Amino acid sequence: MPQIHPAMRTTTAPSLLDSANRNALTGEGMMMYLSARLSSLDDQINGVFQKQKNIEGVRKALMKIQNELDKLDDDKGKKNIKAAIEEVKSYDPKLGAQLEKDLSEKGQIMFIADGLHYTAEVGASREYVGNMMKQLESSAQLEMIGLQSTMSARQTAIQLSTNLISALNKGTDAIAANVGR
């Protein structure tokens with residue numbers, strides 16, 4: 001019979017380590033680990049979903065800016081662009097501030113010198129917003145690749161949990177069958 005350390009005798013909670021092999025987890029310890037792992041993976045997955053939702057919101061706001069640039073003919077268009085920039089800020093304050101700053105520089109649509117909209121300003125702004133949309137699309141694709149990897153890890157953890165529960169049940173059934181003999 002294995003010796004039990006005196007400190008282990010006073011505890012009322014079951015040990016998470018196998019008494020025969022101090023480096024091995026018991027079934028309960030393994031289940032606790034897998035439960036924590038699943039919780040962590042679920043948090044990561046929810047984070048990716050939230051990022052994707054934000055990216056989609058930013059993309060829609062950038063599309064509004066592109067549409068306003070296509071039909072820009074008065075100050076109402078600039079107000080709509082400013083409103084779309086505020087919408088971007090609601091999803092990503094840092095990106096919205098950068099967008100506002102960059103579109104307000106000389107040669108961009110929000111630069112106010114004479115109140116006129118030059119074709120070059122509209123074109124430069126259209127190109128800038130288009131490039132930003134491409135970067136967002138790339139970011140969204142990378143997030144989806146990460147999501148697939150995380151989902152695969154989650155599926156592995158679920159499979160391990162299922163196998164462990166099955167093994168524990170078989171062990172319990174074997175013990176119960178031997179008790180009756």
# chains A, B, ... in the order shown; residues from 1 in each chain; ligands from 1
call {"tool": "select_by_dssp", "arguments": {"residues": "region 23-155 of chain A", "states": "helix (DSSP H, G or I)", "output": "VMD selection string"}}
result
chain A and resid 27 to 70 75 to 91 93 to 103 119 to 155
call {"tool": "write_last_selection", "arguments": {"atoms": "C-alpha atoms", "output": "short mmCIF file (atom, residue, chain, number, x, y, z; two decimals), in the first residue's frame"}}
result
data_model
loop_
_atom_site.label_atom_id
_atom_site.label_comp_id
_atom_site.auth_asym_id
_atom_site.auth_seq_id
_atom_site.Cartn_x
_atom_site.Cartn_y
_atom_site.Cartn_z
CA GLY A 27 -9.37 11.49 -13.54
CA GLU A 28 -10.88 14.36 -11.55
CA GLY A 29 -7.73 16.44 -12.00
CA MET A 30 -7.76 15.80 -15.73
CA MET A 31 -11.44 16.77 -15.93
CA MET A 32 -10.71 20.02 -14.09
CA TYR A 33 -7.87 20.76 -16.50
CA LEU A 34 -10.02 20.02 -19.55
CA SER A 35 -12.85 22.12 -18.16
CA ALA A 36 -10.51 25.08 -17.67
CA ARG A 37 -9.07 24.54 -21.14
CA LEU A 38 -12.52 24.49 -22.72
CA SER A 39 -13.48 27.65 -20.87
CA SER A 40 -10.33 29.39 -22.10
CA LEU A 41 -10.95 28.27 -25.69
CA ASP A 42 -14.57 29.43 -25.49
CA ASP A 43 -13.38 32.86 -24.34
CA GLN A 44 -10.96 33.02 -27.27
CA ILE A 45 -13.69 32.01 -29.71
CA ASN A 46 -16.07 34.64 -28.32
CA GLY A 47 -13.28 37.23 -28.67
CA VAL A 48 -12.80 36.34 -32.32
CA PHE A 49 -16.55 36.57 -32.94
CA GLN A 50 -16.59 40.04 -31.36
CA LYS A 51 -13.62 41.14 -33.49
CA GLN A 52 -15.37 39.89 -36.61
CA LYS A 53 -18.51 41.78 -35.64
CA ASN A 54 -16.46 44.97 -35.14
CA ILE A 55 -14.62 44.49 -38.44
CA GLU A 56 -17.95 44.13 -40.22
CA GLY A 57 -19.25 47.32 -38.60
CA VAL A 58 -16.11 49.22 -39.62
CA ARG A 59 -16.36 47.82 -43.15
CA LYS A 60 -19.95 49.04 -43.46
CA ALA A 61 -18.97 52.52 -42.23
CA LEU A 62 -16.10 52.62 -44.73
CA MET A 63 -18.55 51.65 -47.48
CA LYS A 64 -20.68 54.64 -46.46
CA ILE A 65 -17.64 56.89 -46.82
CA GLN A 66 -16.89 55.38 -50.24
CA ASN A 67 -20.48 55.97 -51.33
CA GLU A 68 -20.37 59.59 -50.15
CA LEU A 69 -17.10 60.13 -52.01
CA ASP A 70 -18.73 58.79 -55.18
CA ASP A 75 -21.27 69.93 -47.45
CA LYS A 76 -24.00 67.38 -46.71
CA GLY A 77 -21.63 64.73 -48.08
CA LYS A 78 -18.92 65.84 -45.66
CA LYS A 79 -21.39 65.62 -42.78
CA ASN A 80 -22.24 62.07 -43.83
CA ILE A 81 -18.53 61.24 -44.02
CA LYS A 82 -18.01 62.68 -40.53
CA ALA A 83 -20.94 60.61 -39.26
CA ALA A 84 -19.43 57.48 -40.81
CA ILE A 85 -16.07 58.28 -39.17
CA GLU A 86 -17.87 58.55 -35.81
CA GLU A 87 -19.43 55.17 -36.51
CA VAL A 88 -15.95 53.71 -37.11
CA LYS A 89 -14.87 55.24 -33.77
CA SER A 90 -17.71 53.43 -32.02
CA TYR A 91 -16.24 50.09 -33.16
CA PRO A 93 -11.69 54.37 -31.44
CA LYS A 94 -8.04 54.21 -32.46
CA LEU A 95 -8.81 53.36 -36.08
CA GLY A 96 -11.53 56.03 -36.21
CA ALA A 97 -9.15 58.71 -34.90
CA GLN A 98 -6.51 57.68 -37.44
CA LEU A 99 -9.09 57.77 -40.24
CA GLU A 100 -10.26 61.23 -39.18
CA LYS A 101 -6.69 62.52 -38.96
CA ASP A 102 -5.62 61.07 -42.30
CA LEU A 103 -8.71 62.27 -44.20
CA THR A 119 -11.05 65.64 -58.03
CA ALA A 120 -7.57 64.83 -56.74
CA GLU A 121 -8.76 65.07 -53.12
CA VAL A 122 -11.74 62.83 -53.79
CA GLY A 123 -9.53 60.33 -55.66
CA ALA A 124 -6.88 60.28 -52.93
CA SER A 125 -9.53 59.80 -50.25
CA ARG A 126 -11.23 57.06 -52.25
CA GLU A 127 -7.88 55.27 -52.62
CA TYR A 128 -7.08 55.68 -48.92
CA VAL A 129 -10.45 54.25 -47.83
CA GLY A 130 -10.14 51.43 -50.38
CA ASN A 131 -6.74 50.47 -48.99
CA MET A 132 -8.14 50.52 -45.47
CA MET A 133 -10.95 48.19 -46.56
CA LYS A 134 -8.42 45.77 -48.06
CA GLN A 135 -6.46 45.76 -44.80
CA LEU A 136 -9.67 45.05 -42.87
CA GLU A 137 -10.48 42.16 -45.19
CA SER A 138 -7.00 40.70 -44.69
CA SER A 139 -7.37 41.08 -40.93
CA ALA A 140 -10.76 39.36 -41.01
CA GLN A 141 -9.32 36.45 -43.00
CA LEU A 142 -6.45 36.03 -40.53
CA GLU A 143 -8.93 36.08 -37.65
CA MET A 144 -10.94 33.33 -39.36
CA ILE A 145 -7.80 31.18 -39.74
CA GLY A 146 -7.12 31.67 -36.03
CA LEU A 147 -10.74 30.79 -35.27
CA GLN A 148 -10.44 27.53 -37.21
CA SER A 149 -7.32 26.63 -35.23
CA THR A 150 -9.02 27.45 -31.92
CA MET A 151 -12.12 25.46 -32.90
CA SER A 152 -9.88 22.48 -33.73
CA ALA A 153 -8.21 22.75 -30.31
CA ARG A 154 -11.65 22.93 -28.69
CA GLN A 155 -12.80 19.83 -30.56
#
